[in-house]
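Report on the structure given below.
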Amino acid sequence: MGRAVSQVVREREGAEVCALFDRSEDGVVGDAREDALELADVVIDFTSPQSSADLAYAAAKKGRVALVIGATGFTPHTEDILRKAAERIAIVKSGNFSLGVNVMLGLVRQAAKALPAAQYDIEVTEAHHRRKVDAPSGTALMLGEAAASGRDVKLDDVAVRSRDGITGPRLESTIGFSVLRGGGIVGEHSVVFAAEDEIITLAHSARDRALFARGAVAAALWVADKPPGLYDMMDVLGFKADA
């Protein structure tokens, strides 16, 4: 993702790469990150929850650079660090920077609201490359949250993350998750609404990581002059303003 973002920035008018940095093998950041925080207007980060939280803390201390964060798998602790950092700097955080996925989120929310929970079971499926370390993916959880929002329930109260052995019949109103990891799959997501007499499937397939890089760069250009706050791609795309 770092290489993809760098390439998109170099091709995008009005943007330029001023610094590149990564963690060392022992997890200690060096002067490159400090240079980036001094030189950049926006830093785009696709690393890990802890690394992103460390970056947000350092950026908030500087109080001048905005962030675009695409890492997934945050814990309540690392989420809290981001929220506190967003009191001083502008942060766009999203589990997916694809326009198509964000449109799909809206469709899932509408479908879940319109289709009765007693009749339509919801299953979220996702597939990614073998190197992805968190599951379900951030996008799958976003889709689950959209479905739960449509039904006016909390995802944590209705989510079924795994099934094994004699599980008994499915509980009404639950939202199930299925995960596949293998090869070089960029990203496949679907939400199935299954009734006794019909099945409705909303799906998105990513073919190239440049898709996410373009969205992240668009988010960077958008957030560069925004006041402190925690934003997402719905803000960037103007969907919230249109609601």
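Going by the structure tokens order, chains are called A, B, ..., each with residues numbered from 1, while ligands are numbered from 1 in the order shown.
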Enumerate, in order of chain and increasing residue number, the residues of region 162-198 of chain A with an atom no farther than 12 Å from region 207-226 of chain A, each with its shortest atom pair and distance in Å to one decimal, counting only C-alpha atoms, as a Markdown table.
| residue | atom | partner | partner_atom | distance |
| --- | --- | --- | --- | --- |
| A:Gly184 | CA | A:Arg207 | CA | 10.5 |
| A:Ile185 | CA | A:Arg207 | CA | 8.4 |
| A:Val186 | CA | A:Arg207 | CA | 6.3 |
| A:Gly187 | CA | A:Arg207 | CA | 7.6 |
| A:Glu188 | CA | A:Arg207 | CA | 9.0 |
Residues near region 56-71 of chain A, cut-off 6 Å, only C-alpha atoms, skip fewer than 6 positions along chain, as a PyMOL selection string: chain A and resi 41-49+85+88-95
Compile a residue-level contact table for region 131-155 of chain A against region 159-180 of chain A at a cut-off of 9 Å, reporting for every qualifying residue the shortest atom pair and its distance in Å to one decimal, with only C-alpha atoms counted, rows ordered by chain and ascending number, as CSV.
residue,atom,partner,partner_atom,distance
A:Ala135,CA,A:Val179,CA,7.0
A:Pro136,CA,A:Val179,CA,6.3
A:Ser137,CA,A:Val179,CA,8.3
A:Ala140,CA,A:Phe177,CA,7.9
A:Leu141,CA,A:Phe177,CA,8.7
A:Gly144,CA,A:Ile175,CA,7.0
A:Ala147,CA,A:Ile175,CA,8.1
A:Ala148,CA,A:Ile175,CA,7.9
A:Arg151,CA,A:Ser173,CA,8.8
A:Lys154,CA,A:Ala159,CA,8.7
A:Leu155,CA,A:Ala159,CA,5.6
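Of the listed residues (A:Thr125, A:Ala53, A:Ala111, A:Leu20), A:Ala53 comes nearest to Arg83 (chain A); the distances count only C-alpha atoms.
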DSSP helix (DSSP H, G or I) selection over region 34-210 of chain A, as a PyMOL selection string: chain A and resi 34-39+49-62+76-85+99-114+138-150+155-158+210
DSSP strand (DSSP E) residues within region 106-209 of chain A, listed as an MDAnalysis selection string: chainID A and resid 121:128 159:160 175:181 187:194 199:206
Could you write those residues out with N, CA and C atoms, as a short mmCIF file (atom, residue, chain, number, x, y, z; two decimals), in the first residue's frame?
data_model
loop_
_atom_site.label_atom_id
_atom_site.label_comp_id
_atom_site.auth_asym_id
_atom_site.auth_seq_id
_atom_site.Cartn_x
_atom_site.Cartn_y
_atom_site.Cartn_z
N ASP A 121 -32.13 -13.24 7.04
CA ASP A 121 -30.88 -13.41 7.76
C ASP A 121 -29.77 -12.66 7.02
N ILE A 122 -28.83 -12.10 7.77
CA ILE A 122 -27.74 -11.33 7.17
C ILE A 122 -26.41 -12.05 7.42
N GLU A 123 -25.66 -12.24 6.34
CA GLU A 123 -24.32 -12.81 6.42
C GLU A 123 -23.34 -11.90 5.68
N VAL A 124 -22.24 -11.57 6.34
CA VAL A 124 -21.17 -10.77 5.73
C VAL A 124 -20.00 -11.71 5.45
N THR A 125 -19.56 -11.76 4.21
CA THR A 125 -18.41 -12.60 3.86
C THR A 125 -17.29 -11.74 3.32
N GLU A 126 -16.06 -12.14 3.60
CA GLU A 126 -14.91 -11.39 3.08
C GLU A 126 -13.75 -12.32 2.80
N ALA A 127 -12.91 -11.95 1.82
CA ALA A 127 -11.72 -12.71 1.47
C ALA A 127 -10.57 -11.76 1.20
N HIS A 128 -9.38 -12.09 1.72
CA HIS A 128 -8.19 -11.27 1.52
C HIS A 128 -6.96 -12.17 1.35
N ALA A 159 -23.70 -9.89 16.53
CA ALA A 159 -22.69 -10.48 15.64
C ALA A 159 -22.37 -11.92 16.02
N VAL A 160 -22.22 -12.76 15.00
CA VAL A 160 -21.74 -14.13 15.17
C VAL A 160 -20.45 -14.24 14.37
N ILE A 175 -26.24 -11.32 12.89
CA ILE A 175 -25.47 -10.97 11.70
C ILE A 175 -24.21 -11.82 11.71
N GLY A 176 -24.08 -12.70 10.73
CA GLY A 176 -22.96 -13.62 10.71
C GLY A 176 -21.79 -13.12 9.87
N PHE A 177 -20.59 -13.61 10.18
CA PHE A 177 -19.37 -13.24 9.45
C PHE A 177 -18.64 -14.50 9.01
N SER A 178 -18.15 -14.49 7.77
CA SER A 178 -17.33 -15.58 7.25
C SER A 178 -16.06 -14.99 6.66
N VAL A 179 -14.93 -15.67 6.87
CA VAL A 179 -13.62 -15.13 6.49
C VAL A 179 -12.83 -16.15 5.68
N LEU A 180 -12.20 -15.68 4.59
CA LEU A 180 -11.29 -16.51 3.79
C LEU A 180 -9.96 -15.77 3.68
N ARG A 181 -8.86 -16.49 3.84
CA ARG A 181 -7.52 -15.92 3.65
C ARG A 181 -6.74 -16.81 2.70
N GLY A 187 -9.23 -8.03 -2.18
CA GLY A 187 -10.33 -7.75 -1.27
C GLY A 187 -11.67 -8.08 -1.90
N GLU A 188 -12.42 -9.01 -1.29
CA GLU A 188 -13.74 -9.39 -1.76
C GLU A 188 -14.70 -9.27 -0.57
N HIS A 189 -15.81 -8.58 -0.77
CA HIS A 189 -16.80 -8.43 0.29
C HIS A 189 -18.21 -8.62 -0.26
N SER A 190 -19.06 -9.27 0.51
CA SER A 190 -20.46 -9.39 0.12
C SER A 190 -21.32 -9.42 1.37
N VAL A 191 -22.55 -8.94 1.20
CA VAL A 191 -23.55 -9.00 2.26
C VAL A 191 -24.77 -9.71 1.68
N VAL A 192 -25.15 -10.81 2.30
CA VAL A 192 -26.26 -11.63 1.83
C VAL A 192 -27.46 -11.45 2.76
N PHE A 193 -28.61 -11.15 2.16
CA PHE A 193 -29.87 -11.11 2.88
C PHE A 193 -30.66 -12.34 2.43
N ALA A 194 -30.74 -13.34 3.30
CA ALA A 194 -31.31 -14.63 2.90
C ALA A 194 -32.66 -14.87 3.57
N ILE A 199 -32.91 -14.65 -2.12
CA ILE A 199 -31.61 -14.23 -1.60
C ILE A 199 -31.18 -12.95 -2.32
N ILE A 200 -30.84 -11.95 -1.57
CA ILE A 200 -30.35 -10.68 -2.12
C ILE A 200 -28.89 -10.54 -1.72
N THR A 201 -28.02 -10.28 -2.70
CA THR A 201 -26.59 -10.16 -2.42
C THR A 201 -26.07 -8.82 -2.92
N LEU A 202 -25.41 -8.09 -2.04
CA LEU A 202 -24.69 -6.87 -2.41
C LEU A 202 -23.20 -7.19 -2.28
N ALA A 203 -22.43 -6.93 -3.33
CA ALA A 203 -21.04 -7.37 -3.34
C ALA A 203 -20.11 -6.32 -3.94
N HIS A 204 -18.85 -6.37 -3.50
CA HIS A 204 -17.81 -5.51 -4.04
C HIS A 204 -16.53 -6.31 -4.19
N SER A 205 -15.86 -6.13 -5.32
CA SER A 205 -14.61 -6.84 -5.60
C SER A 205 -13.53 -5.84 -5.97
N ALA A 206 -12.45 -5.83 -5.21
CA ALA A 206 -11.31 -4.95 -5.50
C ALA A 206 -10.31 -5.68 -6.38
#
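Take CA of Val158 (chain A) and CA of Glu145 (chain A): the distance between them is 10.3 Å.
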Nearby residues (only C-alpha atoms) at most 10 Å from Ile81 (chain A), same-chain spacing under 5 positions excluded, as an MDAnalysis selection string: chainID A and resid 50 52:57 75:76 86
Residue among A:Lys84, A:Glu16, A:Leu39, A:Gln7 lying closest to Leu230 (chain A), counting only C-alpha atoms: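 Among A:Lys84, A:Glu16, A:Leu39, A:Gln7, it is A:Lys84 that comes nearest to Leu230 (chain A).
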